[in-house]
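Coordinates from entry_37.txt are shown below (compact mmCIF, C-alpha atoms and all ligand atoms).
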# COMPACT_ATOMS: atom_id res chain seq x y z
CA MET F 22 18.69 23.69 8.54
CA ASP F 23 20.46 26.94 9.33
CA THR F 24 17.64 28.89 10.93
CA ALA F 25 14.99 28.06 13.52
CA TYR F 26 12.33 30.18 15.15
CA CYS F 27 12.21 30.41 18.93
CA THR F 28 8.66 30.82 20.22
CA ALA F 29 9.90 31.90 23.67
CA ASP F 30 11.30 35.22 22.44
CA GLY F 31 9.75 35.41 18.97
CA THR F 32 13.16 35.45 17.32
CA PRO F 33 14.46 33.57 14.30
CA TYR F 34 17.98 32.37 15.12
CA TYR F 35 20.79 31.67 12.73
CA ILE F 36 22.62 28.54 13.88
CA ALA F 37 25.97 30.24 14.53
CA ASN F 38 24.30 32.85 16.73
CA PHE F 39 22.23 30.33 18.67
CA ALA F 40 25.29 28.19 19.38
CA GLN F 41 26.96 31.22 21.01
CA LEU F 42 24.19 31.88 23.52
CA SER F 43 24.89 31.18 27.18
CA GLU F 44 24.33 27.68 28.50
CA SER F 45 21.22 28.73 30.40
CA GLU F 46 19.73 30.49 27.37
CA ILE F 47 20.37 27.46 25.19
CA ALA F 48 18.84 25.19 27.83
CA SER F 49 15.54 27.06 27.85
CA LYS F 50 15.31 28.21 24.24
CA ARG F 51 16.17 24.88 22.64
CA ARG F 52 12.88 23.52 23.93
CA GLN F 53 10.89 26.20 22.14
CA LEU F 54 12.30 25.94 18.64
CA ILE F 55 10.16 25.39 15.58
CA CYS F 56 10.81 25.06 11.87
CA VAL F 57 10.64 28.50 10.21
CA GLU F 58 8.49 27.12 7.42
CA CYS F 59 6.15 24.42 8.76
CA ARG F 60 6.38 25.47 12.46
CA TRP F 61 6.69 21.89 13.65
CA PRO F 62 9.01 21.29 16.64
CA ALA F 63 12.70 21.64 15.92
CA TYR F 64 15.82 20.79 17.83
CA PHE F 65 19.30 22.18 18.27
CA LYS F 66 22.35 19.97 18.02
CA ARG F 67 25.76 21.15 19.17
CA ALA F 68 28.89 20.74 17.10
CA ALA F 69 30.08 17.14 17.41
CA THR F 70 33.58 16.02 18.31
CA SER F 71 33.61 14.26 14.93
CA GLY F 72 33.71 17.68 13.26
CA GLN F 73 30.08 18.00 12.23
CA GLY F 74 28.98 21.55 12.89
CA ALA F 75 26.08 22.65 15.07
CA CYS F 76 22.72 22.47 13.35
CA PHE F 77 18.99 22.77 13.71
CA GLY F 78 16.64 20.06 12.55
CA ALA F 79 13.07 18.87 12.78
CA ARG F 80 11.95 15.28 12.57
CA PRO F 81 9.46 15.17 11.22
CA HIS F 82 8.69 18.32 9.30
CA ALA F 83 5.13 18.73 8.14
CA PRO F 84 4.56 16.56 5.06
CA THR F 85 4.36 19.65 2.84
CA CYS F 86 7.43 21.42 4.28
CA SER F 87 10.13 22.07 1.71
CA LEU F 88 12.81 21.87 4.41
CA GLY F 89 12.02 18.20 5.12
CA ALA F 90 13.82 15.31 3.45
CA PRO F 91 12.51 14.52 -0.02
CA PRO F 92 9.96 11.70 0.21
CA SER F 93 11.71 9.72 -2.52
CA LYS F 94 14.88 9.43 -0.45
CA LYS F 95 16.17 5.89 -0.69
CA GLY F 96 18.49 4.15 1.71
CA PRO F 97 18.70 1.08 3.90
CA GLY F 98 16.67 2.83 6.59
CA SER F 99 13.93 3.86 4.22
CA ASN F 100 13.68 0.35 2.83
CA GLU F 101 13.27 -1.01 6.32
CA VAL F 102 10.50 1.47 6.94
CA GLN F 103 8.81 0.51 3.68
CA ASP F 104 9.07 -3.13 4.74
CA ILE F 105 7.31 -2.37 8.00
CA LEU F 106 4.48 -0.59 6.23
CA ARG F 107 4.05 -3.34 3.66
CA ASN F 108 3.86 -6.12 6.22
CA PRO F 109 1.17 -8.48 4.98
CA MET F 110 0.06 -9.78 8.39
CA ASN F 111 -0.59 -6.33 9.84
CA HIS F 112 1.20 -7.71 12.88
CA ILE F 113 4.70 -6.90 14.06
CA ARG F 114 6.46 -8.64 16.89
CA ILE F 115 9.19 -6.61 18.56
CA ASP F 116 12.42 -8.50 18.73
CA ILE F 117 14.46 -6.93 21.49
CA ASN F 118 17.13 -9.62 21.66
CA TYR F 119 18.33 -9.25 18.10
CA GLY F 120 22.01 -8.38 18.19
CA ALA F 121 21.84 -7.80 21.91
CA HIS F 122 25.07 -7.83 23.88
CA ASP F 123 25.69 -10.79 26.17
CA LYS F 124 23.55 -10.58 29.20
CA VAL F 125 24.00 -12.24 32.56
CA ASN F 126 20.28 -12.60 32.92
CA GLY F 127 19.36 -13.45 29.37
CA ASP F 128 16.11 -15.08 28.51
CA PRO F 129 17.02 -18.09 26.41
CA SER F 130 13.50 -19.19 25.69
CA ASP F 131 12.68 -20.96 22.45
CA VAL F 132 10.34 -18.17 21.49
CA ASP F 133 13.14 -15.62 21.54
CA LYS F 134 15.46 -17.83 19.50
CA ALA F 135 12.78 -18.17 16.88
CA ASN F 136 12.36 -14.41 16.83
CA THR F 137 16.04 -13.82 16.26
CA ARG F 138 16.10 -16.19 13.31
CA GLY F 139 13.18 -14.43 11.76
CA GLY F 140 14.59 -10.98 12.37
CA ARG F 141 15.04 -10.17 8.70
CA PHE F 142 12.30 -11.06 6.30
CA THR F 143 13.65 -11.11 2.78
CA GLY F 144 10.56 -12.22 0.96
CA ASP F 145 12.32 -15.35 -0.30
CA GLY F 146 11.62 -17.74 2.55
CA PRO F 147 8.43 -19.55 3.36
CA ARG F 148 5.64 -17.19 4.30
CA GLY F 149 4.26 -18.78 7.41
CA PRO F 150 1.42 -17.27 9.39
CA SER F 151 3.85 -15.73 11.89
CA PRO F 152 4.07 -11.97 12.45
CA MET F 153 6.91 -9.90 11.08
CA ASN F 154 9.75 -9.65 13.59
CA ARG F 155 11.36 -6.26 13.89
CA ARG F 156 13.96 -4.67 16.07
CA LEU F 157 13.24 -1.44 17.89
CA ARG F 158 15.46 0.84 15.85
CA PRO F 159 13.68 0.30 12.52
CA LEU F 160 10.41 0.82 14.35
CA LEU F 161 11.70 4.11 15.72
CA LYS F 162 12.75 5.13 12.21
CA ALA F 163 9.31 4.23 10.93
CA LEU F 164 7.75 6.40 13.64
CA ILE F 165 9.98 9.34 12.72
CA GLU F 166 9.58 9.04 8.97
CA SER F 167 6.04 7.86 8.48
CA GLU F 168 2.86 9.50 9.59
CA GLN F 169 1.10 6.54 7.99
CA PHE F 170 2.82 4.16 10.43
CA ARG F 171 2.17 6.40 13.43
CA ASN F 172 -1.54 6.45 12.62
CA SER F 173 -1.82 2.82 11.62
CA ASN F 174 -3.72 -0.05 13.20
CA ILE F 175 -0.85 -2.48 12.66
CA ILE F 176 -0.71 -4.63 15.78
CA VAL F 177 2.63 -4.30 17.51
CA GLU F 178 3.43 -6.92 20.09
CA LEU F 179 6.12 -7.12 22.72
CA PRO F 180 5.83 -10.71 23.92
CA ARG F 181 4.99 -10.98 27.62
CA TYR F 182 4.28 -7.25 27.90
CA THR F 183 1.80 -5.82 25.47
CA SER F 184 0.04 -6.02 22.14
CA LEU F 185 -1.63 -2.88 20.80
CA PRO F 186 -2.25 -1.10 17.50
CA ALA F 187 0.67 1.17 16.56
CA ASN F 188 -1.49 4.28 16.99
CA GLN F 189 -2.09 3.36 20.66
CA LEU F 190 1.17 1.70 21.62
CA PHE F 191 3.44 4.50 20.45
CA VAL F 192 3.07 7.82 22.22
CA ASN F 193 5.15 10.83 21.27
CA PHE F 194 6.73 12.68 24.19
CA ASP F 195 4.68 15.75 23.19
CA ALA F 196 1.46 13.78 23.78
CA VAL F 197 2.41 12.35 27.18
CA ASP F 198 0.33 13.49 30.12
CA GLU F 199 -0.35 12.14 33.59
CA GLY F 200 -3.37 10.23 32.29
CA LEU F 201 -0.83 7.71 31.00
CA ALA F 202 0.74 7.16 34.44
CA ASN F 203 1.39 3.44 35.05
CA GLU F 204 0.68 2.63 31.41
CA PHE F 205 3.17 0.52 29.49
CA ARG F 206 3.76 2.14 26.10
CA GLY F 207 6.37 2.80 23.47
CA TYR F 208 7.22 6.38 24.38
CA TRP F 209 9.26 8.18 21.75
CA GLY F 210 10.47 11.57 20.65
CA LEU F 211 13.28 14.05 20.77
CA ILE F 212 15.89 14.38 23.51
CA PHE F 213 16.45 18.08 24.22
CA ASP F 214 19.27 17.69 26.69
CA THR F 215 20.76 15.39 29.29
CA GLY F 216 21.61 15.65 32.95
CA MET F 217 23.45 13.70 35.62
CA SER F 218 22.29 13.76 39.26
CA ALA F 219 24.74 13.68 42.14
CA ASP F 220 23.85 10.02 42.72
CA GLY F 221 24.80 9.07 39.15
CA SER F 222 21.27 8.93 37.75
CA PHE F 223 21.28 9.84 34.08
CA TRP F 224 18.38 11.90 32.75
CA LEU F 225 17.28 12.34 29.17
CA ASN F 226 15.15 15.46 29.20
CA THR F 227 12.31 16.14 26.87
CA GLY F 228 9.10 18.09 27.03
CA LYS F 229 8.87 21.84 26.52
CA TYR F 230 9.13 22.72 30.19
CA ASP F 231 11.44 19.95 31.39
CA ASP F 232 8.35 18.20 32.72
CA LEU F 233 9.10 14.79 31.22
CA SER F 234 12.33 12.86 31.56
CA ILE F 235 13.65 9.40 30.91
CA LEU F 236 15.63 7.98 33.83
CA ILE F 237 18.58 5.62 33.58
CA THR F 238 19.61 4.60 37.08
CA PRO F 239 23.29 4.53 38.07
CA GLU F 240 23.32 0.70 37.87
CA LYS F 241 22.13 0.80 34.26
CA TYR F 242 24.19 3.74 33.04
CA ASP F 243 27.25 1.70 31.98
CA ASP F 244 25.04 -0.77 30.10
CA PHE F 245 23.25 2.08 28.41
CA LYS F 246 26.46 3.80 27.40
CA ARG F 247 27.95 0.55 26.07
CA LYS F 248 24.86 -0.33 24.11
CA PHE F 249 24.59 3.05 22.41
CA ASN F 250 28.32 3.61 22.17
CA PHE F 251 28.63 7.30 23.04
CA GLN F 252 31.48 9.13 24.79
CA LEU F 253 29.89 12.34 25.97
CA ASP F 254 26.41 12.48 27.42
CA ARG F 255 25.60 15.55 25.37
CA GLU F 256 26.04 13.56 22.14
CA LEU F 257 22.50 12.34 22.74
CA GLU F 258 21.03 15.84 22.43
CA GLY F 259 18.89 16.12 19.33
CA MET F 260 18.59 12.35 18.93
CA HIS F 261 15.34 10.45 18.90
CA LEU F 262 14.64 7.87 21.56
CA LEU F 263 12.10 5.08 21.81
CA VAL F 264 11.65 3.42 25.17
CA LEU F 265 9.22 0.64 25.99
CA GLY F 266 8.26 1.02 29.58
CA LYS F 267 5.93 2.55 32.12
CA LEU F 268 5.30 6.19 32.79
CA ARG F 269 5.12 7.35 36.39
CA LYS F 270 4.44 10.60 38.17
CA ALA F 271 7.02 11.63 40.75
CA TRP F 272 6.11 13.38 44.00
CA SER F 273 7.41 16.59 42.44
CA GLY F 274 4.78 16.32 39.70
CA LYS F 275 7.38 15.52 37.06
CA LEU F 276 6.60 12.65 34.69
CA ILE F 277 9.27 9.98 34.44
CA ILE F 278 9.78 7.02 32.17
CA ASP F 279 12.04 4.44 33.78
CA VAL F 280 14.40 2.46 31.62
CA ASP F 281 14.06 -0.98 33.20
CA ASP F 282 15.99 -2.74 30.48
CA VAL F 283 18.38 -1.01 28.06
CA ASP F 284 17.35 -3.53 25.40
CA ARG F 285 13.91 -1.95 25.44
CA CYS F 286 15.39 1.34 24.16
CA ALA F 287 16.42 2.50 20.73
CA LEU F 288 18.21 5.67 19.64
CA CYS F 289 18.22 7.20 16.21
CA ASP F 290 20.47 9.97 14.96
CA ASP F 291 19.81 10.20 11.27
ZN ZN P 1 9.57 22.27 8.38
Rewrite the coordinates I just gave you, this time as structure tokens.
Amino acid sequence: MDTAYCTADGTPYYIANFAQLSESEIASKRRQLICVECRWPAYFKRAATSGQGACFGARPHAPTCSLGAPPSKKGPGSNEVQDILRNPMNHIRIDINYGAHDKVNGDPSDVDKANTRGGRFTGDGPRGPSPMNRRLRPLLKALIESEQFRNSNIIVELPRYTSLPANQLFVNFDAVDEGLANEFRGYWGLIFDTGMSADGSFWLNTGKYDDLSILITPEKYDDFKRKFNFQLDRELEGMHLLVLGKLRKAWSGKLIIDVDDVDRCALCDD
């Protein structure tokens, strides 16, 4: 969309004008953007090196918003989301090793091999009593696209870590507060901007007041960059992230989600 409303200064911005603001103005105002029609949170994305111009967006828009994607939109992603919602067992097992890069410390257990084989349910094979196996990225897409999935009681299991209904396991960044400290959840939402500390720690910043960040330690940064295949850190601005991990409260009061394993993260840019 070409226009977004900034609640910080009460101004509707045209995209070309917003993109020309100073770095510090962009940094603060991009956190306070909403859709001009439905007033749900919006984001700003800079022009990409690939040639795509700067834009505003909101994912999701309110269901009734005319600026959102038409609900009938078909594509591979949408089909995957439909699949997730139609799962007959009401049970999804997260398959984090599907298509994973080679790992020095892999976990070659039989359970994980079985998961990988079952990663794509076509409806043609035998319908055993096993849960549907799904990778993280389709789950993130389902969270973005489907209020029905976000509110559902479908059990989502990450073997050896957790098993909870979708409406408890997945917590949007906007709903995170310190009451969730030390809780293992699927935290997800929009990345507003990124930062790099002097020690090489990589921060994905979210939250309206920069009060919630996702931390990728220097040791994991190369893995993270390889897995998600980006050149410039700022390419991640405006993307959605899902990370399975624990929330903690730093001494500064800031809330931090540590990325312990890059395979427990998914990014979505469409
Ligand atoms: Zn809208």
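With only C-alpha atoms and all ligand atoms as the basis for measurement, F:Arg80 is the residue among F:Arg181, F:Arg247, F:Arg80, F:Lys270 that approaches ligand ZN 1 (chain P) most closely.
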**Report entry** 12 Å shell around ligand ZN 1 (chain P) using all atoms listed in the file, listed as a PyMOL selection string
**Finding:** chain F and resi 22-26+54-64+77-91
Report summary line: A straight line from atom CA of Leu288 of chain F to atom CA of Phe249 of chain F spans 7.4 Å
Query raised in the report: Can you tell me how far atom CA of Arg67 of chain F sits from atom CA of Asp214 of chain F, in Å to one decimal?
Result: 10.5 Å
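The closest residue to Ile212 of chain F, picked from F:Ile176, F:Leu257, F:Leu190, F:Leu263 and counting all atoms listed in the file, is F:Leu257.
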**Report entry** Selection: 9 Å around Thr183 of chain F, only C-alpha atoms, excl. self and same-chain fewer than 6 positions, as a PyMOL selection string
**Finding:** chain F and resi 177+190+205-206
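Between atom CA of Tyr208 of chain F and atom CA of Leu161 of chain F there is a distance of 10.0 Å.
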Query raised in the report: Looking at all atoms listed in the file, which of F:Ser234, F:Thr32, F:Asn203, F:Asn174 is the one that sits closest to Gly216 of chain F?
Result: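 Between F:Ser234, F:Thr32, F:Asn203, F:Asn174, the residue approaching Gly216 of chain F most closely is F:Ser234.
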Query - Residue list as an NGL selection string for point (10.3, 16.9, 30.1), cut-off 12 Å, only C-alpha atoms - result: :F and (49 or 52 or 193-198 or 210-216 or 224-236 or 270 or 274-278)
Query raised in the report: Of the residues F:Ala40, F:Val280, F:Cys76, F:His261, which is the one nearest to Ser222 of chain F, using all atoms listed in the file?
Result: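 Closest to Ser222 of chain F, using all atoms listed in the file: F:Val280.
Nearest-residue note for Asp243 of chain F: choosing from F:Met153, F:Ala75, F:Leu164, F:Val283, the minimum distance belongs to F:Val283, counting all atoms listed in the file.
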Query raised in the report: Looking at F:Arg114, F:Phe191, F:Asp244, F:Arg51, which one is nearest to Glu168 of chain F, with distances taken over all atoms listed in the file?
Result: F:Phe191
Report task. Name all residues at most 6 Å from Val264 of chain F (count only C-alpha atoms; drop same-chain ones fewer than 5 positions away) and give them as a ChimeraX atom specification. Result -> /F:207-208,285-286
